[in-house]
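What follows is the content of run09.csv (CSV, C-alpha atoms).
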```
chain,number,residue,atom,x,y,z
A,1,MET,CA,-21.9,53.7,-30.8
A,2,ALA,CA,-22.1,57.0,-28.8
A,3,LYS,CA,-20.0,57.6,-25.7
A,4,ILE,CA,-21.7,58.8,-22.6
A,5,THR,CA,-20.4,59.8,-19.1
A,6,LEU,CA,-20.9,57.9,-15.9
A,7,SER,CA,-23.8,60.1,-14.7
A,8,GLU,CA,-25.6,59.8,-18.0
A,9,ALA,CA,-25.1,56.1,-18.0
A,10,VAL,CA,-26.6,55.8,-14.5
A,11,LYS,CA,-29.8,57.5,-15.8
A,12,ILE,CA,-30.4,55.0,-18.5
A,13,ILE,CA,-29.3,51.7,-16.9
A,14,PRO,CA,-31.1,49.8,-14.0
A,15,VAL,CA,-28.2,50.0,-11.6
A,16,SER,CA,-26.8,52.7,-9.2
A,17,GLU,CA,-23.6,54.6,-9.7
A,18,SER,CA,-21.7,52.6,-7.0
A,19,THR,CA,-22.8,49.4,-8.7
A,20,LEU,CA,-21.6,50.7,-12.1
A,21,ARG,CA,-18.3,51.7,-10.6
A,22,ARG,CA,-17.9,48.2,-9.0
A,23,HIS,CA,-18.7,46.6,-12.4
A,24,MET,CA,-16.0,48.7,-14.0
A,25,ARG,CA,-13.4,47.6,-11.4
A,26,THR,CA,-14.4,43.9,-11.8
A,27,GLY,CA,-14.3,44.1,-15.6
A,28,LYS,CA,-18.0,43.4,-16.1
A,29,VAL,CA,-18.4,46.6,-18.1
A,30,SER,CA,-15.6,48.4,-19.9
A,31,SER,CA,-15.0,52.2,-20.1
A,32,GLU,CA,-12.4,54.6,-21.3
A,33,LYS,CA,-11.2,57.9,-20.1
A,34,ASP,CA,-11.6,61.2,-21.9
A,35,HIS,CA,-9.1,64.0,-22.0
A,36,ASN,CA,-10.5,65.3,-18.7
A,37,GLY,CA,-10.1,61.9,-17.0
A,38,ARG,CA,-13.8,61.2,-16.9
A,39,ASN,CA,-15.1,57.7,-17.5
A,40,LEU,CA,-16.9,57.3,-20.9
A,41,PHE,CA,-19.1,54.3,-21.7
A,42,ASP,CA,-20.0,53.0,-25.1
A,43,THR,CA,-23.8,52.7,-25.3
A,44,ALA,CA,-23.4,49.4,-27.1
A,45,GLU,CA,-21.4,48.1,-24.1
A,46,LEU,CA,-24.1,49.1,-21.7
A,47,VAL,CA,-26.8,47.4,-23.9
A,48,ARG,CA,-24.6,44.3,-23.9
A,49,VAL,CA,-24.3,44.2,-20.1
A,50,TYR,CA,-27.6,45.6,-18.9
A,51,GLY,CA,-30.0,44.9,-21.8
A,52,ASP,CA,-32.3,47.6,-23.2
A,53,LEU,CA,-31.7,51.1,-22.0
A,54,LYS,CA,-34.4,53.1,-20.4
A,55,LEU,CA,-35.0,56.6,-21.7
A,56,ASN,CA,-36.8,58.6,-19.0
A,57,GLY,CA,-37.1,62.4,-19.1
A,58,THR,CA,-34.4,63.7,-21.4
A,59,HIS,CA,-32.4,61.6,-23.8
A,60,PRO,CA,-28.8,61.4,-22.4
A,61,LEU,CA,-27.3,62.0,-25.8
A,62,SER,CA,-29.3,65.0,-26.8
A,63,ASP,CA,-31.3,67.7,-25.2
A,64,GLU,CA,-34.6,66.6,-26.8
A,65,PRO,CA,-37.2,65.5,-24.3
A,66,VAL,CA,-38.3,61.9,-24.5
A,67,ASN,CA,-41.9,61.2,-23.5
A,68,THR,CA,-41.8,57.7,-22.0
A,69,SER,CA,-45.5,57.6,-21.0
A,70,GLN,CA,-46.6,57.3,-24.6
A,71,MET,CA,-43.8,55.1,-25.8
A,72,THR,CA,-44.8,51.9,-27.7
A,73,ASP,CA,-42.9,49.2,-29.5
A,74,ASN,CA,-43.4,51.3,-32.7
A,75,ASP,CA,-41.2,54.1,-31.2
A,76,THR,CA,-38.1,51.9,-31.1
A,77,PRO,CA,-36.8,53.0,-34.5
A,78,ALA,CA,-37.0,56.6,-33.3
A,79,LYS,CA,-34.8,55.7,-30.3
A,80,VAL,CA,-32.4,54.0,-32.7
A,81,VAL,CA,-32.4,57.1,-35.0
A,82,ALA,CA,-31.7,59.3,-32.0
A,83,LEU,CA,-28.8,57.1,-30.8
A,84,LEU,CA,-27.4,57.0,-34.4
A,85,GLU,CA,-27.6,60.8,-34.7
A,86,ALA,CA,-25.8,61.2,-31.4
A,87,GLN,CA,-23.2,58.7,-32.5
A,88,ASN,CA,-22.8,60.5,-35.8
A,89,ARG,CA,-22.2,63.8,-34.0
A,90,ASP,CA,-19.7,62.1,-31.7
A,91,LEU,CA,-17.8,60.5,-34.6
A,92,LYS,CA,-17.7,63.8,-36.5
A,93,SER,CA,-16.1,65.6,-33.5
A,94,GLN,CA,-13.7,62.7,-33.1
A,95,LEU,CA,-12.8,62.9,-36.8
A,96,GLU,CA,-12.1,66.6,-36.6
A,97,GLU,CA,-9.9,66.1,-33.5
A,98,ALA,CA,-8.1,63.2,-35.2
A,99,HIS,CA,-7.4,65.5,-38.3
A,100,SER,CA,-6.0,68.2,-36.0
A,101,GLN,CA,-3.8,65.7,-34.2
A,102,ASN,CA,-2.7,64.2,-37.5
A,103,ALA,CA,-1.6,67.7,-38.7
A,104,GLN,CA,0.3,68.3,-35.5
A,105,LEU,CA,2.0,64.9,-35.6
A,106,LEU,CA,3.1,65.5,-39.2
A,107,GLU,CA,4.6,68.8,-38.3
A,108,LEU,CA,6.4,67.3,-35.3
A,109,SER,CA,7.6,64.4,-37.4
A,110,THR,CA,9.1,66.8,-40.0
A,111,ARG,CA,10.9,68.8,-37.4
A,112,LEU,CA,12.2,65.7,-35.7
A,113,GLN,CA,13.4,64.3,-39.0
A,114,LYS,CA,15.3,67.5,-39.7
A,115,GLN,CA,16.9,67.5,-36.2
A,116,ASN,CA,17.9,63.8,-36.7
A,117,GLU,CA,19.5,64.7,-40.0
A,118,LEU,CA,21.5,67.5,-38.4
A,119,LEU,CA,22.6,65.2,-35.6
A,120,MET,CA,23.8,62.5,-37.9
A,121,ILE,CA,26.3,64.9,-39.7
A,122,PRO,CA,29.6,64.3,-38.0
A,123,PRO,CA,31.2,67.3,-36.4
A,124,PRO,CA,34.1,68.9,-38.3
A,125,GLN,CA,37.4,67.5,-37.2
A,126,PRO,CA,40.2,69.9,-36.4
A,127,LYS,CA,42.9,70.1,-39.0
A,128,ARG,CA,46.0,68.2,-37.9
A,129,ARG,CA,49.3,69.5,-39.0
A,130,PHE,CA,52.1,67.3,-39.9
A,131,PHE,CA,54.3,67.9,-36.9
A,132,THR,CA,51.6,68.1,-34.2
A,133,PHE,CA,52.1,64.5,-33.2
A,134,LEU,CA,55.7,65.3,-32.3
A,135,ARG,CA,54.8,68.1,-29.9
A,136,ARG,CA,52.5,65.8,-27.8
A,137,LYS,CA,55.4,63.7,-26.6
```
Go ahead and express the file in the form of structure tokens.
Amino acid sequence: MAKITLSEAVKIIPVSESTLRRHMRTGKVSSEKDHNGRNLFDTAELVRVYGDLKLNGTHPLSDEPVNTSQMTDNDTPAKVVALLEAQNRDLKSQLEEAHSQNAQLLELSTRLQKQNELLMIPPPQPKRRFFTFLRRK
């Protein structure tokens, strides 16, 4: 599912930031680090550990306001759609990043392969003349 930051996670789960950090350290909930070193949580992991997520104020995965005072059980599919759309956006950006990294790795692999081929060619040996072995003694 979608990945959210620690501050966004605290807004939608029933525990405080310090409790969530403690649960990370003890292994109750898993997270991963982004390229900036921030903890990212999978929303499916948060649902597994803490149950249904509360959506008060603004949805953490989009800037669309969520009106919780008029929410009913019939609105659940809308929540699911919002989460899936956010996940889709996240996956598209991850896919674009993966394609970029793949192109860079292919270029690097090609350069390294050429360097490796050059290193495997033995250096030219100096020509030995017939009587050079006699001069060494």
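With CA of Arg38 in chain A on one side and CA of Asn102 in chain A on the other, the separation reads 23.6 Å.
The space between CA of Leu6 in chain A and CA of Leu40 in chain A spans 6.4 Å.
Using only C-alpha atoms for every distance, the candidate list A:Gln125, A:Ser100, A:Ser31, A:Ser109 yields A:Ser31 as the residue closest to Lys3 in chain A.
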Selected residue, from A:Asn88, A:Leu106, A:Asn39, A:Leu112, that lies nearest to Glu17 in chain A when counting only C-alpha atoms: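 Result for the nearest residue to Glu17 in chain A: A:Asn39.
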Measure the distance from CA of Arg89 in chain A to CA of Val47 in chain A in Å and round it to one decimal.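 Going from CA of Arg89 in chain A over to CA of Val47 in chain A, I get 19.8 Å.
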Residues at most 10 Å from Leu46 in chain A, counting only C-alpha atoms, excluding those fewer than 4 positions away in the same chain, as a PyMOL selection string? chain A and resi 9+12-13+29-31+41-42+50-53
